[in-house]
Amino acid sequence: MKLIDPDRLASVVIWAEAEGEPYETKVAYGELIRNRMAHRFFSDGTVAGTVAKRYQFSEFNDDKGDNDRLLLALNLDDSDPVAKDCLVAWRESDGSNTVPGALMCYAVTIPKPSWESAFSFIKQIGKTRFYAKYPSDAVAESPAPIATN
(Lines give C-alpha, C1' and ligand atoms only; values in the text may rest on other atoms or scores of the structure.)
Protein backbone atom coordinates (compact mmCIF):
# COMPACT_ATOMS: atom_id res chain seq x y z
CA MET A 1 0.00 0.00 0.00
CA LYS A 2 1.26 3.46 -0.86
CA LEU A 3 2.16 5.61 2.12
CA ILE A 4 0.31 8.57 0.59
CA ASP A 5 -2.96 7.59 -1.05
CA PRO A 6 -2.98 8.81 -4.69
CA ASP A 7 -6.61 9.97 -4.45
CA ARG A 8 -5.83 12.14 -1.45
CA LEU A 9 -2.62 13.46 -3.02
CA ALA A 10 -4.53 14.51 -6.13
CA SER A 11 -7.21 16.15 -4.01
CA VAL A 12 -4.53 18.11 -2.10
CA VAL A 13 -3.15 19.44 -5.40
CA ILE A 14 -6.66 20.31 -6.58
CA TRP A 15 -7.21 22.16 -3.30
CA ALA A 16 -3.92 24.05 -3.68
CA GLU A 17 -4.54 25.00 -7.31
CA ALA A 18 -8.28 25.66 -7.29
CA GLU A 19 -9.13 26.86 -3.79
CA GLY A 20 -11.71 29.63 -4.15
CA GLU A 21 -12.58 28.55 -7.68
CA PRO A 22 -15.91 27.03 -8.78
CA TYR A 23 -16.41 23.29 -8.26
CA GLU A 24 -16.21 22.82 -12.05
CA THR A 25 -12.61 24.11 -11.93
CA LYS A 26 -11.76 21.47 -9.36
CA VAL A 27 -13.16 18.72 -11.60
CA ALA A 28 -11.23 20.21 -14.54
CA TYR A 29 -7.97 20.05 -12.58
CA GLY A 30 -8.73 16.40 -11.86
CA GLU A 31 -9.22 15.77 -15.58
CA LEU A 32 -5.99 17.60 -16.40
CA ILE A 33 -4.03 15.41 -13.94
CA ARG A 34 -5.66 12.27 -15.36
CA ASN A 35 -4.98 13.39 -18.96
CA ARG A 36 -1.33 14.01 -18.15
CA MET A 37 -1.07 10.57 -16.56
CA ALA A 38 -2.74 8.86 -19.53
CA HIS A 39 -0.55 10.65 -22.10
CA ARG A 40 2.58 10.59 -19.92
CA PHE A 41 2.73 14.32 -20.47
CA PHE A 42 5.12 15.69 -17.83
CA SER A 43 4.23 12.48 -16.01
CA ASP A 44 5.43 8.98 -15.29
CA GLY A 45 1.83 7.78 -15.37
CA THR A 46 1.23 8.01 -11.61
CA VAL A 47 -0.49 10.70 -9.57
CA ALA A 48 2.69 11.43 -7.59
CA GLY A 49 4.85 11.41 -10.72
CA THR A 50 2.46 13.92 -12.30
CA VAL A 51 1.65 16.40 -9.56
CA ALA A 52 5.18 16.60 -8.13
CA LYS A 53 6.86 17.22 -11.49
CA ARG A 54 8.88 20.43 -11.21
CA TYR A 55 7.21 23.60 -12.52
CA GLN A 56 3.91 21.89 -13.31
CA PHE A 57 1.82 22.60 -10.22
CA SER A 58 2.64 25.69 -8.22
CA GLU A 59 2.68 24.09 -4.79
CA PHE A 60 5.55 21.82 -5.81
CA ASN A 61 7.78 24.51 -7.33
CA ASP A 62 10.85 24.24 -5.16
CA ASP A 63 12.23 27.68 -5.97
CA LYS A 64 9.36 29.71 -4.50
CA GLY A 65 11.23 30.32 -1.27
CA ASP A 66 8.49 29.02 1.02
CA ASN A 67 6.22 26.06 1.28
CA ASP A 68 3.53 27.60 3.49
CA ARG A 69 0.64 26.70 1.17
CA LEU A 70 1.98 23.21 0.59
CA LEU A 71 2.28 22.67 4.34
CA LEU A 72 -1.25 23.98 4.82
CA ALA A 73 -2.52 21.66 2.07
CA LEU A 74 -0.71 18.65 3.52
CA ASN A 75 -2.30 19.33 6.91
CA LEU A 76 -5.86 19.26 5.57
CA ASP A 77 -8.23 16.71 6.99
CA ASP A 78 -11.63 15.25 6.15
CA SER A 79 -13.42 17.86 8.26
CA ASP A 80 -12.48 20.68 5.87
CA PRO A 81 -15.44 21.19 3.49
CA VAL A 82 -13.25 22.42 0.62
CA ALA A 83 -10.93 19.42 1.03
CA LYS A 84 -14.01 17.16 0.85
CA ASP A 85 -15.13 18.93 -2.34
CA CYS A 86 -11.69 18.42 -3.87
CA LEU A 87 -11.71 14.70 -3.13
CA VAL A 88 -15.22 14.39 -4.63
CA ALA A 89 -14.10 16.45 -7.65
CA TRP A 90 -11.06 14.17 -8.15
CA ARG A 91 -13.25 11.10 -8.11
CA GLU A 92 -15.82 12.73 -10.41
CA SER A 93 -13.06 13.62 -12.88
CA ASP A 94 -12.67 9.93 -13.63
CA GLY A 95 -15.12 9.86 -16.52
CA SER A 96 -16.12 13.53 -16.74
CA ASN A 97 -15.48 15.65 -19.81
CA THR A 98 -15.33 19.21 -18.53
CA VAL A 99 -12.09 20.11 -20.35
CA PRO A 100 -11.61 17.45 -23.07
CA GLY A 101 -7.95 16.67 -23.65
CA ALA A 102 -6.68 19.35 -21.25
CA LEU A 103 -2.96 19.05 -20.56
CA MET A 104 -2.07 22.60 -19.58
CA CYS A 105 -3.68 25.49 -17.75
CA TYR A 106 -2.87 28.79 -16.16
CA ALA A 107 -4.54 31.40 -13.99
CA VAL A 108 -5.48 34.60 -15.77
CA THR A 109 -4.03 36.52 -12.82
CA ILE A 110 -0.51 35.81 -14.12
CA PRO A 111 1.08 36.83 -17.44
CA LYS A 112 0.40 34.58 -20.44
CA PRO A 113 2.87 31.70 -20.40
CA SER A 114 5.26 31.21 -23.31
CA TRP A 115 3.73 27.82 -24.15
CA GLU A 116 0.22 29.20 -24.74
CA SER A 117 0.48 29.66 -28.52
CA ALA A 118 1.54 26.02 -28.99
CA PHE A 119 -1.67 24.70 -27.42
CA SER A 120 -5.35 24.79 -28.31
CA PHE A 121 -7.62 26.74 -25.98
CA ILE A 122 -10.46 24.63 -24.58
CA LYS A 123 -12.25 26.89 -22.13
CA GLN A 124 -11.94 29.17 -19.16
CA ILE A 125 -13.55 28.23 -15.86
CA GLY A 126 -13.36 30.84 -13.17
CA LYS A 127 -9.87 32.31 -13.38
CA THR A 128 -8.27 29.28 -15.03
CA ARG A 129 -7.76 28.75 -18.76
CA PHE A 130 -7.40 25.14 -19.96
CA TYR A 131 -5.56 23.98 -23.10
CA ALA A 132 -5.06 20.78 -25.08
CA LYS A 133 -1.95 19.95 -27.10
CA TYR A 134 -3.68 18.79 -30.23
CA PRO A 135 -6.70 20.49 -31.80
CA SER A 136 -8.40 17.12 -32.28
CA ASP A 137 -8.23 16.54 -28.50
CA ALA A 138 -10.06 19.76 -27.71
CA VAL A 139 -13.58 21.01 -28.05
CA ALA A 140 -12.87 24.70 -27.97
CA GLU A 141 -15.14 27.41 -26.68
CA SER A 142 -14.71 31.03 -27.64
CA PRO A 143 -11.94 32.43 -25.44
CA ALA A 144 -13.09 34.75 -22.71
CA PRO A 145 -11.16 38.00 -22.45
CA ILE A 146 -8.23 37.77 -20.06
CA ALA A 147 -8.61 39.99 -17.02
CA THR A 148 -5.90 42.59 -16.75
CA ASN A 149 -6.45 43.45 -13.09
# chains A, B, ... in the order shown; residues from 1 in each chain; ligands from 1
>>> residues_around(residues="Leu9 of chain A", least_positions_apart="3", cutoff="10 Å", atoms="only C-alpha atoms", output="ChimeraX atom specification")
/A:4-6,12-15,47-48,51-52,73-74,87,90
>>> closest_residue(among="A:Thr25, A:Leu103, A:Asp85, A:Gly49", to="Gln124 of chain A", atoms="only C-alpha atoms")
A:Thr25
>>> select_by_dssp(residues="segment 14-109 of chain A", states="strand (DSSP E)", output="PyMOL selection string")
chain A and resi 102-107
>>> closest_residue(among="A:Ala102, A:Glu92, A:Ile122, A:Lys84", to="Met37 of chain A", atoms="only C-alpha atoms")
A:Ala102
>>> closest_residue(among="A:Ala16, A:Asp78, A:His39, A:Val27", to="Glu59 of chain A", atoms="only C-alpha atoms")
A:Ala16
>>> closest_residue(among="A:Phe41, A:Tyr29, A:Tyr23, A:Phe130", to="Tyr106 of chain A", atoms="only C-alpha atoms")
A:Phe130
>>> select_by_dssp(residues="chain A", states="helix (DSSP H, G or I)", output="mmCIF file with N, CA and C atoms, in the first residue's frame")
data_model
loop_
_atom_site.group_PDB
_atom_site.id
_atom_site.type_symbol
_atom_site.label_atom_id
_atom_site.label_comp_id
_atom_site.auth_asym_id
_atom_site.auth_seq_id
_atom_site.Cartn_x
_atom_site.Cartn_y
_atom_site.Cartn_z
ATOM 1 N N PRO A 6 -2.946 7.981 -3.481
ATOM 2 C CA PRO A 6 -2.977 8.813 -4.688
ATOM 3 C C PRO A 6 -4.238 9.682 -4.802
ATOM 4 N N ASP A 7 -5.390 9.163 -4.385
ATOM 5 C CA ASP A 7 -6.613 9.967 -4.447
ATOM 6 C C ASP A 7 -6.507 11.197 -3.557
ATOM 7 N N ARG A 8 -5.963 11.012 -2.382
ATOM 8 C CA ARG A 8 -5.833 12.140 -1.449
ATOM 9 C C ARG A 8 -4.739 13.103 -1.907
ATOM 10 N N LEU A 9 -3.660 12.586 -2.483
ATOM 11 C CA LEU A 9 -2.616 13.459 -3.019
ATOM 12 C C LEU A 9 -3.180 14.325 -4.133
ATOM 13 N N ALA A 10 -3.925 13.724 -5.043
ATOM 14 C CA ALA A 10 -4.531 14.505 -6.128
ATOM 15 C C ALA A 10 -5.486 15.549 -5.574
ATOM 16 N N SER A 11 -6.254 15.189 -4.562
ATOM 17 C CA SER A 11 -7.207 16.153 -4.006
ATOM 18 C C SER A 11 -6.494 17.300 -3.303
ATOM 19 N N VAL A 12 -5.323 17.043 -2.712
ATOM 20 C CA VAL A 12 -4.528 18.110 -2.096
ATOM 21 C C VAL A 12 -4.060 19.093 -3.173
ATOM 22 N N VAL A 13 -3.609 18.565 -4.304
ATOM 23 C CA VAL A 13 -3.151 19.437 -5.397
ATOM 24 C C VAL A 13 -4.328 20.238 -5.958
ATOM 25 N N ILE A 14 -5.463 19.598 -6.109
ATOM 26 C CA ILE A 14 -6.655 20.315 -6.582
ATOM 27 C C ILE A 14 -7.001 21.426 -5.602
ATOM 28 N N TRP A 15 -6.938 21.139 -4.322
ATOM 29 C CA TRP A 15 -7.211 22.163 -3.302
ATOM 30 C C TRP A 15 -6.232 23.324 -3.466
ATOM 31 N N ALA A 16 -4.941 23.011 -3.589
ATOM 32 C CA ALA A 16 -3.919 24.046 -3.678
ATOM 33 C C ALA A 16 -4.064 24.900 -4.938
ATOM 34 N N GLU A 17 -4.447 24.277 -6.045
ATOM 35 C CA GLU A 17 -4.539 24.999 -7.315
ATOM 36 C C GLU A 17 -5.880 25.696 -7.510
ATOM 37 N N ALA A 18 -6.941 25.150 -6.956
ATOM 38 C CA ALA A 18 -8.281 25.663 -7.287
ATOM 39 C C ALA A 18 -9.082 26.133 -6.073
ATOM 40 N N TYR A 23 -16.564 24.749 -8.326
ATOM 41 C CA TYR A 23 -16.413 23.290 -8.265
ATOM 42 C C TYR A 23 -15.990 22.735 -9.627
ATOM 43 N N GLU A 24 -16.540 23.277 -10.698
ATOM 44 C CA GLU A 24 -16.206 22.818 -12.047
ATOM 45 C C GLU A 24 -14.700 22.933 -12.321
ATOM 46 N N THR A 25 -14.056 23.962 -11.773
ATOM 47 C CA THR A 25 -12.607 24.114 -11.935
ATOM 48 C C THR A 25 -11.877 22.973 -11.247
ATOM 49 N N LYS A 26 -12.375 22.567 -10.091
ATOM 50 C CA LYS A 26 -11.757 21.468 -9.359
ATOM 51 C C LYS A 26 -11.851 20.158 -10.159
ATOM 52 N N VAL A 27 -13.002 19.917 -10.753
ATOM 53 C CA VAL A 27 -13.164 18.725 -11.599
ATOM 54 C C VAL A 27 -12.219 18.825 -12.795
ATOM 55 N N ALA A 28 -12.107 20.014 -13.383
ATOM 56 C CA ALA A 28 -11.230 20.214 -14.544
ATOM 57 C C ALA A 28 -9.772 19.939 -14.182
ATOM 58 N N TYR A 29 -9.336 20.363 -13.009
ATOM 59 C CA TYR A 29 -7.971 20.046 -12.579
ATOM 60 C C TYR A 29 -7.789 18.540 -12.453
ATOM 61 N N GLY A 30 -8.800 17.856 -11.940
ATOM 62 C CA GLY A 30 -8.733 16.396 -11.864
ATOM 63 C C GLY A 30 -8.563 15.787 -13.240
ATOM 64 N N GLU A 31 -9.342 16.281 -14.212
ATOM 65 C CA GLU A 31 -9.220 15.774 -15.584
ATOM 66 C C GLU A 31 -7.829 16.044 -16.141
ATOM 67 N N LEU A 32 -7.306 17.241 -15.890
ATOM 68 C CA LEU A 32 -5.989 17.596 -16.398
ATOM 69 C C LEU A 32 -4.930 16.639 -15.839
ATOM 70 N N ILE A 33 -4.980 16.361 -14.544
ATOM 71 C CA ILE A 33 -4.029 15.414 -13.942
ATOM 72 C C ILE A 33 -4.180 14.044 -14.586
ATOM 73 N N ARG A 34 -5.415 13.592 -14.743
ATOM 74 C CA ARG A 34 -5.657 12.271 -15.362
ATOM 75 C C ARG A 34 -5.190 12.237 -16.818
ATOM 76 N N ASN A 35 -5.432 13.323 -17.566
ATOM 77 C CA ASN A 35 -4.980 13.389 -18.961
ATOM 78 C C ASN A 35 -3.461 13.318 -19.042
ATOM 79 N N ARG A 36 -2.787 14.044 -18.154
ATOM 80 C CA ARG A 36 -1.328 14.006 -18.151
ATOM 81 C C ARG A 36 -0.823 12.596 -17.838
ATOM 82 N N MET A 37 -1.474 11.935 -16.894
ATOM 83 C CA MET A 37 -1.074 10.566 -16.559
ATOM 84 C C MET A 37 -1.268 9.647 -17.763
ATOM 85 N N ALA A 38 -2.418 9.739 -18.407
ATOM 86 C CA ALA A 38 -2.738 8.856 -19.535
ATOM 87 C C ALA A 38 -1.793 9.070 -20.714
ATOM 88 N N HIS A 39 -1.416 10.324 -20.958
ATOM 89 C CA HIS A 39 -0.552 10.651 -22.100
ATOM 90 C C HIS A 39 0.927 10.701 -21.719
ATOM 91 N N ALA A 48 1.514 10.774 -8.183
ATOM 92 C CA ALA A 48 2.687 11.425 -7.587
ATOM 93 C C ALA A 48 3.672 11.906 -8.651
ATOM 94 N N GLY A 49 3.916 11.067 -9.654
ATOM 95 C CA GLY A 49 4.847 11.413 -10.719
ATOM 96 C C GLY A 49 4.307 12.450 -11.678
ATOM 97 N N THR A 50 3.072 12.856 -11.497
ATOM 98 C CA THR A 50 2.464 13.916 -12.303
ATOM 99 C C THR A 50 2.410 15.215 -11.514
ATOM 100 N N VAL A 51 1.864 15.163 -10.321
ATOM 101 C CA VAL A 51 1.647 16.403 -9.561
ATOM 102 C C VAL A 51 2.929 16.964 -8.962
ATOM 103 N N SER A 58 1.953 24.657 -8.969
ATOM 104 C CA SER A 58 2.643 25.695 -8.219
ATOM 105 C C SER A 58 3.070 25.291 -6.812
ATOM 106 N N GLU A 59 2.323 24.443 -6.161
ATOM 107 C CA GLU A 59 2.684 24.088 -4.787
ATOM 108 C C GLU A 59 3.936 23.235 -4.711
ATOM 109 N N PHE A 60 4.363 22.651 -5.817
ATOM 110 C CA PHE A 60 5.550 21.819 -5.809
ATOM 111 C C PHE A 60 6.754 22.500 -6.451
ATOM 112 N N ASP A 68 4.644 27.406 2.569
ATOM 113 C CA ASP A 68 3.531 27.598 3.489
ATOM 114 C C ASP A 68 2.229 27.003 2.968
ATOM 115 N N ARG A 69 1.893 27.240 1.710
ATOM 116 C CA ARG A 69 0.640 26.701 1.169
ATOM 117 C C ARG A 69 0.699 25.186 1.049
ATOM 118 N N LEU A 70 1.841 24.650 0.667
ATOM 119 C CA LEU A 70 1.978 23.207 0.593
ATOM 120 C C LEU A 70 1.813 22.589 1.983
ATOM 121 N N LEU A 71 2.427 23.189 2.980
ATOM 122 C CA LEU A 71 2.280 22.675 4.344
ATOM 123 C C LEU A 71 0.823 22.749 4.798
ATOM 124 N N LEU A 72 0.162 23.842 4.476
ATOM 125 C CA LEU A 72 -1.253 23.978 4.818
ATOM 126 C C LEU A 72 -2.065 22.881 4.126
ATOM 127 N N ALA A 73 -1.796 22.674 2.839
ATOM 128 C CA ALA A 73 -2.520 21.655 2.072
ATOM 129 C C ALA A 73 -2.265 20.263 2.639
ATOM 130 N N LEU A 74 -1.033 19.970 3.011
ATOM 131 C CA LEU A 74 -0.707 18.645 3.525
ATOM 132 C C LEU A 74 -1.273 18.399 4.924
ATOM 133 N N PRO A 81 -14.470 21.369 4.573
ATOM 134 C CA PRO A 81 -15.440 21.186 3.489
ATOM 135 C C PRO A 81 -14.839 21.358 2.087
ATOM 136 N N VAL A 82 -13.873 22.248 1.931
ATOM 137 C CA VAL A 82 -13.246 22.424 0.619
ATOM 138 C C VAL A 82 -12.407 21.194 0.277
ATOM 139 N N ALA A 83 -11.718 20.646 1.265
ATOM 140 C CA ALA A 83 -10.934 19.422 1.034
ATOM 141 C C ALA A 83 -11.860 18.284 0.612
ATOM 142 N N LYS A 84 -13.022 18.190 1.241
ATOM 143 C CA LYS A 84 -14.006 17.160 0.853
ATOM 144 C C LYS A 84 -14.430 17.355 -0.594
ATOM 145 N N ASP A 85 -14.743 18.615 -0.961
ATOM 146 C CA ASP A 85 -15.132 18.928 -2.342
ATOM 147 C C ASP A 85 -14.046 18.514 -3.328
ATOM 148 N N CYS A 86 -12.793 18.752 -2.969
ATOM 149 C CA CYS A 86 -11.687 18.423 -3.866
ATOM 150 C C CYS A 86 -11.553 16.920 -4.056
ATOM 151 N N LEU A 87 -11.770 16.152 -3.006
ATOM 152 C CA LEU A 87 -11.714 14.700 -3.128
ATOM 153 C C LEU A 87 -12.870 14.198 -3.999
ATOM 154 N N VAL A 88 -14.057 14.755 -3.806
ATOM 155 C CA VAL A 88 -15.216 14.388 -4.630
ATOM 156 C C VAL A 88 -14.954 14.786 -6.091
ATOM 157 N N ALA A 89 -14.397 15.982 -6.289
ATOM 158 C CA ALA A 89 -14.095 16.452 -7.654
ATOM 159 C C ALA A 89 -13.088 15.527 -8.334
ATOM 160 N N TRP A 90 -12.056 15.092 -7.596
ATOM 161 C CA TRP A 90 -11.065 14.167 -8.152
ATOM 162 C C TRP A 90 -11.742 12.880 -8.602
ATOM 163 N N ARG A 91 -12.570 12.355 -7.759
ATOM 164 C CA ARG A 91 -13.247 11.097 -8.109
ATOM 165 C C ARG A 91 -14.204 11.297 -9.279
ATOM 166 N N GLU A 92 -14.897 12.430 -9.305
ATOM 167 C CA GLU A 92 -15.818 12.731 -10.410
ATOM 168 C C GLU A 92 -15.068 12.902 -11.729
ATOM 169 N N GLU A 116 1.628 29.070 -24.381
ATOM 170 C CA GLU A 116 0.218 29.199 -24.740
ATOM 171 C C GLU A 116 -0.053 29.071 -26.244
ATOM 172 N N SER A 117 0.755 29.672 -27.076
ATOM 173 C CA SER A 117 0.482 29.659 -28.523
ATOM 174 C C SER A 117 0.661 28.272 -29.146
ATOM 175 N N ALA A 118 1.333 27.369 -28.455
ATOM 176 C CA ALA A 118 1.545 26.021 -28.987
ATOM 177 C C ALA A 118 0.413 25.057 -28.624
ATOM 178 N N PRO A 135 -5.345 19.997 -31.540
ATOM 179 C CA PRO A 135 -6.696 20.493 -31.799
ATOM 180 C C PRO A 135 -7.749 19.391 -31.799
ATOM 181 N N SER A 136 -7.407 18.193 -32.243
ATOM 182 C CA SER A 136 -8.402 17.122 -32.281
ATOM 183 C C SER A 136 -8.776 16.636 -30.881
ATOM 184 N N ASP A 137 -7.939 16.938 -29.880
ATOM 185 C CA ASP A 137 -8.230 16.543 -28.503
ATOM 186 C C ASP A 137 -9.161 17.527 -27.814
#
>>> atom_distance(atom1="atom CA of Arg129 of chain A", atom2="atom CA of Tyr55 of chain A")
17.0 Å
